[in-house]
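> This is target_12.txt (compact mmCIF, C-alpha atoms).
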# COMPACT_ATOMS: atom_id res chain seq x y z
CA MET A 1 135.68 -28.89 -54.15
CA GLY A 2 132.78 -30.85 -52.60
CA THR A 3 134.51 -30.98 -49.21
CA ILE A 4 135.04 -27.21 -49.22
CA LEU A 5 131.38 -26.59 -50.08
CA ILE A 6 130.22 -28.92 -47.31
CA GLY A 7 132.57 -27.13 -44.88
CA ILE A 8 131.16 -23.74 -45.87
CA ILE A 9 127.57 -24.96 -45.46
CA ILE A 10 128.34 -26.47 -42.05
CA GLY A 11 130.10 -23.25 -40.99
CA ILE A 12 127.12 -21.14 -42.00
CA ALA A 13 124.71 -23.49 -40.20
CA VAL A 14 126.77 -23.42 -37.00
CA THR A 15 126.97 -19.61 -37.14
CA VAL A 16 123.19 -19.26 -37.62
CA VAL A 17 122.44 -21.63 -34.73
CA ALA A 18 124.95 -19.84 -32.46
CA GLU A 19 123.41 -16.44 -33.28
CA MET A 20 119.89 -17.74 -32.62
CA LEU A 21 120.91 -19.16 -29.25
CA THR A 22 122.70 -15.94 -28.31
CA ILE A 23 119.73 -13.78 -29.23
CA ARG A 24 117.30 -16.11 -27.46
CA SER A 25 119.30 -16.07 -24.22
CA LYS A 26 119.60 -12.26 -24.20
CA THR A 27 116.10 -11.25 -25.29
CA VAL A 28 114.98 -10.65 -21.70
CA LEU A 29 117.20 -8.72 -19.28
CA ILE A 30 116.97 -9.89 -15.66
CA GLN A 31 118.49 -7.94 -12.79
CA SER A 32 118.48 -8.87 -9.10
CA SER A 33 117.47 -5.96 -6.89
CA ARG A 34 119.36 -5.10 -3.75
CA PHE A 35 116.11 -3.77 -2.26
CA GLY A 36 112.78 -5.19 -1.13
CA PHE A 37 109.78 -5.32 -3.45
CA ASP A 38 108.08 -2.01 -2.58
CA GLU A 39 111.38 -0.15 -2.35
CA THR A 40 112.45 -1.50 -5.75
CA VAL A 41 109.24 -0.18 -7.31
CA GLU A 42 109.74 3.24 -5.69
CA ILE A 43 113.41 3.50 -6.69
CA LEU A 44 112.57 2.55 -10.28
CA LYS A 45 109.84 5.22 -10.37
CA GLN A 46 112.35 7.78 -9.10
CA ALA A 47 115.00 6.68 -11.64
CA VAL A 48 112.42 6.95 -14.43
CA ALA A 49 111.57 10.52 -13.39
CA GLU A 50 115.24 11.47 -13.03
CA ALA A 51 115.89 10.18 -16.56
CA GLY A 52 113.15 12.47 -17.90
CA TRP A 53 110.79 9.62 -18.65
CA THR A 54 107.08 9.37 -17.83
CA VAL A 55 105.35 6.61 -15.87
CA ALA A 56 102.34 5.75 -18.04
CA GLY A 57 100.97 3.27 -15.54
CA ILE A 58 101.68 0.87 -12.72
CA GLU A 59 99.84 -2.44 -12.59
CA ASP A 60 99.74 -4.90 -9.72
CA LEU A 61 99.60 -8.02 -11.86
CA ARG A 62 98.96 -10.35 -8.92
CA ASP A 63 95.78 -8.49 -7.98
CA SER A 64 94.59 -8.51 -11.60
CA LEU A 65 95.23 -12.24 -11.91
CA LYS A 66 93.54 -13.06 -8.60
CA LYS A 67 90.41 -11.24 -9.79
CA THR A 68 90.24 -13.65 -12.72
CA GLY A 69 90.61 -16.73 -10.52
CA ALA A 70 94.35 -17.35 -10.62
CA GLU A 71 95.77 -18.77 -7.41
CA LYS A 72 99.22 -18.82 -5.85
CA VAL A 73 100.48 -15.94 -7.94
CA ARG A 74 103.75 -14.36 -6.89
CA ARG A 75 103.91 -10.62 -6.36
CA VAL A 76 104.45 -8.83 -9.68
CA CYS A 77 104.31 -5.12 -10.51
CA LEU A 78 104.51 -3.77 -14.06
CA LEU A 79 105.90 -0.25 -14.51
CA LYS A 80 104.94 1.09 -17.93
CA VAL A 81 107.22 3.96 -18.95
CA TYR A 82 108.20 6.04 -21.97
CA LYS A 83 110.19 9.09 -23.00
CA ALA A 84 108.18 11.40 -25.26
CA GLU A 85 111.20 12.39 -27.38
CA TYR A 86 111.94 8.78 -28.34
CA VAL A 87 108.34 7.70 -28.71
CA SER A 88 107.43 10.61 -30.98
CA GLU A 89 110.39 9.86 -33.28
CA LEU A 90 109.55 6.17 -33.49
CA LEU A 91 105.87 6.82 -34.15
CA ARG A 92 106.64 9.48 -36.75
CA GLU A 93 109.19 7.36 -38.64
CA VAL A 94 108.00 3.79 -38.07
CA PRO A 95 104.47 3.79 -36.61
CA HIS A 96 104.26 0.00 -36.41
CA THR A 97 106.72 0.18 -33.49
CA ALA A 98 103.84 1.33 -31.30
CA CYS A 99 103.75 -2.26 -30.03
CA PHE A 100 107.03 -1.56 -28.19
CA ILE A 101 105.51 1.39 -26.33
CA PRO A 102 105.47 1.82 -23.42
CA SER A 103 108.58 0.07 -22.15
CA VAL A 104 107.73 -2.27 -19.29
CA PHE A 105 109.82 -3.05 -16.23
CA ALA A 106 108.48 -6.12 -14.38
CA VAL A 107 109.30 -6.24 -10.66
CA TYR A 108 108.65 -9.64 -9.11
CA GLU A 109 109.42 -11.78 -6.10
CA THR A 110 111.54 -14.87 -6.72
CA ASP A 111 111.13 -18.34 -5.23
CA SER A 112 114.03 -17.57 -2.88
CA SER A 113 112.25 -14.46 -1.49
CA GLY A 114 114.44 -12.11 -3.50
CA VAL A 115 113.32 -9.40 -5.87
CA GLU A 116 114.20 -9.20 -9.55
CA VAL A 117 113.43 -6.79 -12.35
CA SER A 118 113.07 -7.95 -15.93
CA LYS A 119 112.44 -6.23 -19.23
CA ILE A 120 112.66 -6.84 -22.94
CA ASN A 121 116.17 -6.20 -24.29
CA THR A 122 115.44 -3.29 -26.62
CA GLY A 123 119.10 -3.22 -27.61
CA ILE A 124 118.89 -6.61 -29.31
CA ILE A 125 115.46 -5.97 -30.79
CA GLY A 126 116.63 -2.66 -32.20
CA LYS A 127 119.69 -4.21 -33.80
CA VAL A 128 117.64 -7.01 -35.35
CA LEU A 129 115.12 -4.56 -36.84
CA GLY A 130 117.73 -2.01 -38.00
CA GLY A 131 117.42 1.55 -39.33
CA VAL A 132 115.64 4.16 -37.22
CA ILE A 133 114.52 1.42 -34.84
CA ALA A 134 118.15 0.44 -34.21
CA ARG A 135 119.12 4.04 -33.53
CA VAL A 136 116.21 4.94 -31.25
CA LEU A 137 115.13 1.64 -29.68
CA GLY A 138 118.46 -0.17 -29.90
CA ASN A 139 120.68 2.68 -28.75
CA SER A 140 118.90 5.62 -27.06
CA ILE A 141 116.09 3.73 -25.34
CA TYR A 142 118.29 0.75 -24.46
CA ALA A 143 120.96 2.93 -22.82
CA ALA A 144 118.39 4.88 -20.79
CA GLU A 145 116.55 1.71 -19.71
CA ALA A 146 119.81 0.05 -18.66
CA LYS A 147 120.63 3.08 -16.52
CA ILE A 148 117.16 2.93 -14.92
CA LEU A 149 117.58 -0.81 -14.33
CA GLY A 150 120.99 -0.14 -12.79
CA SER A 151 119.38 1.98 -10.06
CA VAL A 152 118.33 -1.18 -8.18
CA SER A 153 121.07 -3.60 -9.20
CA GLU A 154 123.74 -5.19 -7.06
CA ILE A 155 126.33 -4.29 -9.69
CA LYS A 156 126.05 -1.38 -12.09
CA PRO A 157 125.62 -2.82 -15.59
CA GLU A 158 128.09 -1.95 -18.33
CA ILE A 159 126.11 -0.16 -21.01
CA LYS A 160 127.36 -0.11 -24.58
CA THR A 161 125.53 1.45 -27.47
CA GLU A 162 126.14 0.65 -31.11
CA SER A 163 128.25 3.79 -31.58
CA GLU A 164 130.66 2.63 -28.84
CA GLU A 165 131.18 -0.86 -30.28
With the file now loaded, output its structure as structure tokens.


Amino acid sequence: MGTILIGIIIGIAVTVVAEMLTIRSKTVLIQSSRFGFDETVEILKQAVAEAGWTVAGIEDLRDSLKKTGAEKVRRVCLLKVYKAEYVSELLREVPHTACFIPSVFAVYETDSSGVEVSKINTGIIGKVLGGVIARVLGNSIYAAEAKILGSVSEIKPEIKTESEE
């Protein structure tokens, strides 16, 4: 009996650690762009508009950081976007999710002179938080953001929502 209990406890511990490592490694989505920096920003803006989303703001992070004394900062542009339909539902049902709004796509130059786009994986965050957040943030927003991200990618990402799994 004691051996079985120890086996169960070890199994649970291994499962928890594996889940934590999986979530940690997938919390930020990173996509290489097949375009240059400025073109990547423009194509993302166009994909946002085509998806029916709104660009709330564009920030040149390098310029902002240089103004505060930071040196040797790589080129970074933050595109802050949202879709009114999704945002209004989240704010109506779970107002504390305002911290996830707007969605941010970070376009940056890599050390190897390439361009990448990163963003928070709303699919995982939605699933972890559950309920309305899982449905709106984890499914609807995630699928739309993945499609927008795919507009600059080398390979079109496979997008699965919870209802397809």

> What is the distance, in Å and to one decimal place, between atom CA of A:Gly123 and atom CA of A:Arg62?

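Interatomic distance here is 28.4 Å.
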
> Of the candidates A:Val94, A:Val76, A:Ser88, A:Gly11, which one gets nearest to A:Asp63 if we count only C-alpha atoms?

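Smallest distance to A:Asp63 is found for A:Val76.
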
> Taking only C-alpha atoms into account, name the residue in A:Leu65, A:Gly57, A:Glu85, A:Gly36 that is nearest to A:Thr110.

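Between A:Leu65, A:Gly57, A:Glu85, A:Gly36, the residue approaching A:Thr110 most closely is A:Gly36.
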
> Atom CA of A:Ile125 and atom CA of A:Arg92, how far apart in Å?

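Going from atom CA of A:Arg92 over to atom CA of A:Ile125, I get 18.8 Å.
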
> Using Å and a single decimal, report how far atom CA of A:Leu91 sits from atom CA of A:Ile148.

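Computing the Euclidean distance for atom CA of A:Ile148 and atom CA of A:Leu91 yields 22.6 Å.
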
> Find the residue from A:Val73, A:Leu90, A:Leu29, A:Val104 that sits nearest to A:Leu44; use all atoms listed in the file when measuring.

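Closest residue, counting all atoms listed in the file: A:Val104.
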
> If we count all atoms listed in the file and set the cut-off at 9 Å, which residues sit around A:Val55, ignoring sequence neighbours fewer than 6 positions away in its own chain? Please answer as a list in words.

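Listing them by chain and then by number gives Lys45, Val48, Ala49, Leu79, Lys80, Val81, Tyr82, Lys83 and Pro102 of chain A.
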
> Smallest atom-to-atom distance to A:Ala146: which of A:Gly2, A:Ala47, A:Ile101, A:Ala134, using only C-alpha atoms?

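The shortest atom-to-atom distance to A:Ala146 comes from A:Ala47.
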
> Please determine, counting only C-alpha atoms, which residue among A:Asp60, A:Glu89, A:Glu109, A:Glu145 has the shortest atom-to-atom distance to A:Thr40.

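Ranking A:Asp60, A:Glu89, A:Glu109, A:Glu145 by distance to A:Thr40, first place goes to A:Glu109.
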
> What's around stretch 126-132 of chain A at 9 Å? Count only C-alpha atoms, leave out sequence neighbours fewer than 5 positions away in its own chain, and write the answer as a PDB file with C-alpha atoms, in the coordinates of the input.


ATOM      1  CA  GLU A  89     110.390   9.860 -33.280  1.00  0.00           C
ATOM      2  CA  LEU A  90     109.550   6.170 -33.490  1.00  0.00           C
ATOM      3  CA  GLU A  93     109.190   7.360 -38.640  1.00  0.00           C
ATOM      4  CA  VAL A  94     108.000   3.790 -38.070  1.00  0.00           C
ATOM      5  CA  ASN A 121     116.170  -6.200 -24.290  1.00  0.00           C
ATOM      6  CA  LEU A 137     115.130   1.640 -29.680  1.00  0.00           C
ATOM      7  CA  GLY A 138     118.460  -0.170 -29.900  1.00  0.00           C
ATOM      8  CA  ASN A 139     120.680   2.680 -28.750  1.00  0.00           C
ATOM      9  CA  TYR A 142     118.290   0.750 -24.460  1.00  0.00           C
ATOM     10  CA  GLU A 162     126.140   0.650 -31.110  1.00  0.00           C
TER      11      GLU A 162
END

> A:Val107, A:Ile9, A:Ile141, A:Ile30: which is nearest A:Arg74, counting all atoms listed in the file?

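Among A:Val107, A:Ile9, A:Ile141, A:Ile30, it is A:Val107 that comes nearest to A:Arg74.
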
> Could you list as a PyMOL selection string every residue that has an atom within 12 Å of (114.4, -3.0, -3.9), using the file's coordinates and counting all atoms listed in the file?

chain A and resi 31-45+107-109+113-117+149-154
